[in-house]
file upload-v6.cif (mmCIF, C-alpha atoms and all ligand atoms)
data_protein
loop_
_atom_site.label_atom_id
_atom_site.label_comp_id
_atom_site.auth_asym_id
_atom_site.auth_seq_id
_atom_site.Cartn_x
_atom_site.Cartn_y
_atom_site.Cartn_z
CA MET A 1 2.91 17.10 -3.82
CA LYS A 2 3.09 15.29 -0.50
CA HIS A 3 3.49 11.52 -0.76
CA LEU A 4 3.02 8.93 1.93
CA ILE A 5 4.64 5.58 1.17
CA VAL A 6 3.50 2.58 3.21
CA VAL A 7 5.72 -0.47 2.78
CA ALA A 8 5.54 -3.95 4.27
CA HIS A 9 8.38 -6.45 4.03
CA PRO A 10 10.43 -8.09 6.80
CA SER A 11 13.70 -8.07 4.83
CA GLU A 12 15.47 -4.81 4.04
CA ARG A 13 17.26 -6.66 1.20
CA SER A 14 13.99 -7.68 -0.51
CA LEU A 15 12.87 -6.44 -3.90
CA THR A 16 9.87 -4.85 -2.14
CA MET A 17 12.08 -2.66 0.07
CA GLY A 18 14.36 -1.86 -2.87
CA LEU A 19 11.35 -0.71 -4.90
CA ALA A 20 10.14 1.49 -2.03
CA SER A 21 13.56 3.19 -1.73
CA ALA A 22 13.89 3.73 -5.48
CA TYR A 23 10.33 5.10 -5.71
CA ALA A 24 10.89 7.55 -2.82
CA ALA A 25 14.23 8.68 -4.27
CA GLU A 26 12.66 9.27 -7.69
CA LEU A 27 9.76 11.25 -6.20
CA LYS A 28 12.25 13.44 -4.32
CA ARG A 29 14.26 13.93 -7.52
CA LEU A 30 11.04 15.08 -9.19
CA GLY A 31 10.57 17.71 -6.47
CA HIS A 32 8.01 15.98 -4.25
CA LYS A 33 7.98 15.57 -0.47
CA THR A 34 7.85 11.99 0.80
CA HIS A 35 7.32 10.28 4.11
CA THR A 36 7.63 6.50 4.49
CA LEU A 37 5.90 4.28 7.02
CA ASP A 38 8.07 1.15 7.05
CA LEU A 39 5.70 -1.08 9.01
CA TYR A 40 8.21 -3.80 10.00
CA ARG A 41 10.97 -1.42 11.11
CA MET A 42 8.33 0.63 13.04
CA ASN A 43 7.18 -2.61 14.66
CA PHE A 44 3.61 -1.60 13.83
CA ASN A 45 1.05 -3.46 15.93
CA PRO A 46 -1.41 -5.03 13.45
CA VAL A 47 -3.83 -6.47 16.01
CA LEU A 48 -7.13 -4.61 16.19
CA ALA A 49 -8.24 -4.46 19.84
CA GLU A 50 -11.81 -4.91 21.06
CA ALA A 51 -12.05 -1.22 22.05
CA GLU A 52 -11.23 -0.26 18.46
CA LEU A 53 -14.44 -1.89 17.24
CA SER A 54 -16.61 0.88 18.67
CA PRO A 55 -16.98 4.13 16.73
CA ILE A 56 -14.31 6.76 17.41
CA GLY A 57 -15.39 8.75 20.50
CA PRO A 58 -15.09 8.75 24.30
CA ASN A 59 -15.20 4.94 24.42
CA HIS A 60 -12.71 4.64 21.61
CA PRO A 61 -9.87 7.13 21.92
CA VAL A 62 -7.67 6.56 18.91
CA ALA A 63 -4.36 4.83 19.76
CA ALA A 64 -1.24 6.96 19.24
CA ASP A 65 0.18 4.74 16.46
CA VAL A 66 -3.12 4.80 14.56
CA LEU A 67 -3.49 8.57 15.06
CA ASN A 68 0.02 9.14 13.74
CA ALA A 69 -0.66 7.07 10.60
CA GLN A 70 -4.03 8.79 10.06
CA LYS A 71 -2.34 12.21 10.36
CA HIS A 72 0.14 11.22 7.63
CA ILE A 73 -2.70 10.02 5.38
CA LEU A 74 -4.68 13.24 5.88
CA GLU A 75 -1.60 15.35 5.09
CA ALA A 76 -0.79 13.37 1.93
CA ASP A 77 -1.91 14.11 -1.61
CA VAL A 78 -0.87 10.61 -2.64
CA VAL A 79 -0.65 7.38 -0.66
CA SER A 80 1.45 4.63 -2.25
CA VAL A 81 1.37 1.14 -0.78
CA ILE A 82 4.15 -1.32 -1.65
CA TYR A 83 3.99 -5.00 -0.64
CA PRO A 84 4.46 -8.59 -1.78
CA LEU A 85 1.43 -10.78 -2.45
CA TRP A 86 1.31 -13.38 0.27
CA TRP A 87 -1.47 -15.90 -0.29
CA LEU A 88 -2.66 -13.39 -2.90
CA SER A 89 -3.17 -10.89 -0.13
CA MET A 90 -1.16 -8.45 1.96
CA PRO A 91 1.37 -9.44 4.60
CA ALA A 92 -0.51 -9.61 7.93
CA ILE A 93 1.21 -6.49 9.25
CA LEU A 94 -0.24 -4.46 6.36
CA LYS A 95 -3.68 -6.06 6.61
CA GLY A 96 -3.66 -5.11 10.31
CA PHE A 97 -2.60 -1.57 9.36
CA VAL A 98 -5.68 -1.38 7.11
CA ASP A 99 -7.90 -2.91 9.82
CA ARG A 100 -6.79 -0.36 12.44
CA VAL A 101 -5.93 2.79 10.47
CA PHE A 102 -8.66 2.67 7.80
CA ALA A 103 -11.20 2.73 10.63
CA ARG A 104 -14.88 3.43 10.34
CA GLY A 105 -15.29 7.17 10.80
CA PHE A 106 -11.86 7.80 9.27
CA ALA A 107 -11.63 5.93 5.93
CA TYR A 108 -15.32 5.14 5.47
CA ASP A 109 -18.73 5.33 6.98
CA SER A 110 -21.36 2.68 6.74
CA ASP A 111 -25.11 3.09 6.50
CA HIS A 112 -27.30 -0.03 6.29
CA GLY A 113 -24.32 -1.93 4.92
CA LEU A 114 -23.54 0.69 2.29
CA ILE A 115 -20.04 2.11 2.40
CA HIS A 116 -19.41 5.85 2.04
CA PRO A 117 -15.83 6.85 1.32
CA LEU A 118 -14.22 9.49 3.55
CA LEU A 119 -10.77 9.81 1.96
CA SER A 120 -11.87 11.19 -1.42
CA GLY A 121 -9.60 13.77 -2.99
CA ARG A 122 -6.47 11.71 -2.42
CA LYS A 123 -4.66 9.66 -5.01
CA ALA A 124 -3.19 6.20 -4.51
CA VAL A 125 -0.67 3.96 -6.23
CA LEU A 126 -0.34 0.24 -5.44
CA VAL A 127 2.87 -1.65 -6.10
CA THR A 128 2.83 -5.41 -5.61
CA VAL A 129 5.25 -8.28 -6.12
CA SER A 130 4.53 -11.97 -6.75
CA GLY A 131 6.40 -15.19 -7.32
CA ALA A 132 3.79 -16.28 -9.88
CA PRO A 133 3.93 -15.04 -13.48
CA MET A 134 1.16 -12.64 -14.51
CA PRO A 135 -0.35 -14.99 -17.17
CA THR A 136 -0.84 -17.64 -14.46
CA LEU A 137 -2.42 -15.09 -12.11
CA ILE A 138 -4.80 -13.96 -14.87
CA GLN A 139 -5.73 -17.44 -16.12
CA SER A 140 -6.53 -18.71 -12.62
CA GLY A 141 -8.70 -15.69 -11.77
CA SER A 142 -6.23 -14.72 -9.05
CA TRP A 143 -5.42 -11.32 -10.51
CA ASN A 144 -9.10 -10.46 -10.69
CA ALA A 145 -9.42 -11.47 -7.01
CA VAL A 146 -6.46 -9.23 -6.09
CA GLN A 147 -8.03 -6.29 -7.90
CA VAL A 148 -11.51 -6.82 -6.43
CA LEU A 149 -10.31 -7.28 -2.85
CA GLN A 150 -7.46 -4.80 -2.72
CA ASP A 151 -7.84 -2.14 -5.45
CA VAL A 152 -11.62 -1.88 -5.28
CA HIS A 153 -12.75 -3.13 -1.88
CA ILE A 154 -10.07 -1.32 0.15
CA PHE A 155 -8.57 1.63 -1.70
CA ARG A 156 -11.31 2.74 -4.10
CA ALA A 157 -13.99 2.09 -1.44
CA ALA A 158 -12.16 4.48 0.90
CA GLY A 159 -12.33 7.14 -1.82
CA PHE A 160 -8.81 7.01 -3.25
CA ASP A 161 -8.38 7.81 -6.92
CA LEU A 162 -6.21 4.76 -7.75
CA LEU A 163 -3.85 6.02 -10.44
CA GLU A 164 -2.00 2.78 -11.04
CA HIS A 165 -1.51 -0.73 -9.71
CA LEU A 166 1.98 -1.66 -10.82
CA HIS A 167 2.80 -5.35 -10.44
CA PHE A 168 6.16 -7.14 -10.56
CA ASP A 169 5.61 -10.81 -11.38
CA SER A 170 7.86 -13.90 -11.57
CA VAL A 171 10.03 -12.59 -8.73
CA THR A 172 12.34 -15.31 -7.51
CA THR A 173 15.04 -15.15 -4.87
CA PRO A 174 17.86 -14.44 -5.47
CA LEU A 175 16.89 -12.08 -8.25
CA PRO A 176 19.50 -11.75 -11.02
CA GLU A 177 21.17 -8.32 -10.84
CA SER A 178 20.10 -7.43 -14.40
CA VAL A 179 16.43 -8.17 -13.58
CA ALA A 180 16.61 -6.16 -10.34
CA LEU A 181 17.97 -3.19 -12.32
CA GLN A 182 15.10 -3.48 -14.84
CA HIS A 183 12.62 -3.46 -11.94
CA MET A 184 14.22 -0.33 -10.47
CA THR A 185 13.89 1.38 -13.85
CA ARG A 186 10.21 0.34 -14.01
CA ILE A 187 9.37 1.83 -10.61
CA ARG A 188 11.21 5.08 -11.38
CA THR A 189 9.27 5.31 -14.63
CA CYS A 190 6.03 4.77 -12.70
CA ALA A 191 6.86 7.74 -10.44
CA GLU A 192 7.72 9.89 -13.44
CA ARG A 193 4.63 8.81 -15.43
CA ASN A 194 2.24 9.76 -12.64
CA PHE A 195 4.04 12.65 -10.94
CA GLY A 196 6.49 13.96 -13.51
CA VAL A 197 5.42 17.55 -12.90
CA ALA A 198 5.66 18.41 -9.20
C1 LIG B 201 3.99 -16.25 3.19
C2 LIG B 201 4.18 -16.10 1.71
C3 LIG B 201 3.08 -16.25 0.87
C4 LIG B 201 3.24 -16.07 -0.52
N1 LIG B 201 2.15 -16.19 -1.31
C5 LIG B 201 2.28 -15.98 -2.63
C6 LIG B 201 1.16 -16.05 -3.49
O1 LIG B 201 0.03 -16.29 -3.06
N2 LIG B 201 1.34 -15.86 -4.82
C7 LIG B 201 2.56 -15.57 -5.36
O2 LIG B 201 2.68 -15.40 -6.56
N3 LIG B 201 3.65 -15.47 -4.56
C8 LIG B 201 3.54 -15.67 -3.22
N4 LIG B 201 4.62 -15.56 -2.40
C9 LIG B 201 5.89 -15.18 -3.01
C10 LIG B 201 6.16 -13.70 -2.76
O3 LIG B 201 5.25 -12.88 -3.44
C11 LIG B 201 7.59 -13.48 -3.19
O4 LIG B 201 8.37 -13.85 -2.09
C12 LIG B 201 7.90 -12.09 -3.50
O5 LIG B 201 7.29 -11.82 -4.69
C13 LIG B 201 9.41 -11.89 -3.62
O6 LIG B 201 9.63 -10.53 -3.48
P1 LIG B 201 10.45 -9.97 -2.25
O7 LIG B 201 11.93 -10.12 -2.58
O8 LIG B 201 10.09 -8.53 -2.15
O9 LIG B 201 10.06 -10.85 -1.11
C14 LIG B 201 4.51 -15.76 -1.03
C15 LIG B 201 5.60 -15.61 -0.17
C16 LIG B 201 5.44 -15.78 1.19
C17 LIG B 201 6.64 -15.59 2.09
#

call {"tool": "encode", "arguments": {"input": "upload-v6.cif", "output": "structure tokens"}}
result
Amino acid sequence: MKHLIVVAHPSERSLTMGLASAYAAELKRLGHKTHTLDLYRMNFNPVLAEAELSPIGPNHPVAADVLNAQKHILEADVVSVIYPLWWLSMPAILKGFVDRVFARGFAYDSDHGLIHPLLSGRKAVLVTVSGAPMPTLIQSGSWNAVQVLQDVHIFRAAGFDLLEHLHFDSVTTPLPESVALQHMTRIRTCAERNFGVA
């Protein structure tokens, strides 16, 4: 299978970037093809311009960076998105990626306010990281908010078959080596669980 991995973290030494590397390596070991869009190292421009508000057409030629990302999504069987929760949401660079790349006419169409998915047939995996422990996120309603806004409102609404949302909670910096190793094992197991047979 062809996998696109989209990852957003400013520090290459972060758990988030470590998880993305381990996940890609495990997918390759399992016989899959991977391509990674590392939004910070690509210096992805997250700011949606006024011209990008109009439907794709003569007045809205798609920008080269958006076109490139859309090409990778169309070529992929699976899109995996790996990011820390910042204010329970995505880092701004990833939110801007969604704003610009998951454009109307590409990821969805809208008719009288009703959304029609355009990326059906593709699978997705979400991997997130938080400082807060999962019981706190659940008790406060925060985890439900994350799932409604990100799993459902973005990825499922665009038509992705969301196979798994794997979350790493209670992540503090610096992370003890033994905990980091457990996390690497967990992400490799996630790749194997979902894509064990290439
Ligand atoms: C701007 C910012 C906002 C954050 N907001 C949250 C939050 O809302 N909830 C939470 O549990 N952790 C929050 N965190 C903590 C990050 O999720 C934490 O840094 C991350 O889990 C550590 O993983 P990393 O090594 O990949 O950065 C925030 C961190 C930053 C920098």

call {"tool": "residues_near_ligand", "arguments": {"input": "upload-v6.cif", "ligand": "ligand LIG 201 (chain B)", "cutoff": "10 Å", "atoms": "all atoms listed in the file", "output": "PyMOL selection string"}}
result
chain A and resi 8-19+82-92+128-134+136-137+142-143+167-175+180

call {"tool": "residues_near_point", "arguments": {"input": "upload-v6.cif", "point": "(-14.6, 2.7, 10.7)", "cutoff": "10 Å", "atoms": "only C-alpha atoms", "output": "list in words"}}
result
Glu52, Leu53, Ser54, Pro55, Ile56, Asp99, Arg100, Val101, Phe102, Ala103, Arg104, Gly105, Phe106, Ala107, Tyr108, Asp109, Ser110, Ile115 and Leu118 of chain A

call {"tool": "closest_residue", "arguments": {"input": "upload-v6.cif", "among": "A:Val127, A:Ile154, A:Leu67, A:Val6", "to": "A:Arg186", "atoms": "all atoms listed in the file"}}
result
A:Val127

call {"tool": "residues_around", "arguments": {"input": "upload-v6.cif", "residues": "stretch 22-26 of chain A", "least_positions_apart": "3", "cutoff": "9 Å", "atoms": "only C-alpha atoms", "output": "VMD selection string"}}
result
chain A and resid 3 5 17 to 19 29 to 36 184 to 185 187 to 192

call {"tool": "write_last_selection", "arguments": {"input": "upload-v6.cif", "atoms": "C-alpha atoms", "output": "short mmCIF file (atom, residue, chain, number, x, y, z; two decimals), keeping the file's coordinate frame"}}
result
data_model
loop_
_atom_site.label_atom_id
_atom_site.label_comp_id
_atom_site.auth_asym_id
_atom_site.auth_seq_id
_atom_site.Cartn_x
_atom_site.Cartn_y
_atom_site.Cartn_z
CA HIS A 3 3.49 11.52 -0.76
CA ILE A 5 4.64 5.58 1.17
CA MET A 17 12.08 -2.66 0.07
CA GLY A 18 14.36 -1.86 -2.87
CA LEU A 19 11.35 -0.71 -4.90
CA ARG A 29 14.26 13.93 -7.52
CA LEU A 30 11.04 15.08 -9.19
CA GLY A 31 10.57 17.71 -6.47
CA HIS A 32 8.01 15.98 -4.25
CA LYS A 33 7.98 15.57 -0.47
CA THR A 34 7.85 11.99 0.80
CA HIS A 35 7.32 10.28 4.11
CA THR A 36 7.63 6.50 4.49
CA MET A 184 14.22 -0.33 -10.47
CA THR A 185 13.89 1.38 -13.85
CA ILE A 187 9.37 1.83 -10.61
CA ARG A 188 11.21 5.08 -11.38
CA THR A 189 9.27 5.31 -14.63
CA CYS A 190 6.03 4.77 -12.70
CA ALA A 191 6.86 7.74 -10.44
CA GLU A 192 7.72 9.89 -13.44
#

call {"tool": "atom_distance", "arguments": {"input": "upload-v6.cif", "atom1": "atom CA of A:Asp38", "atom2": "atom CA of A:Val98"}}
result
14.0 Å
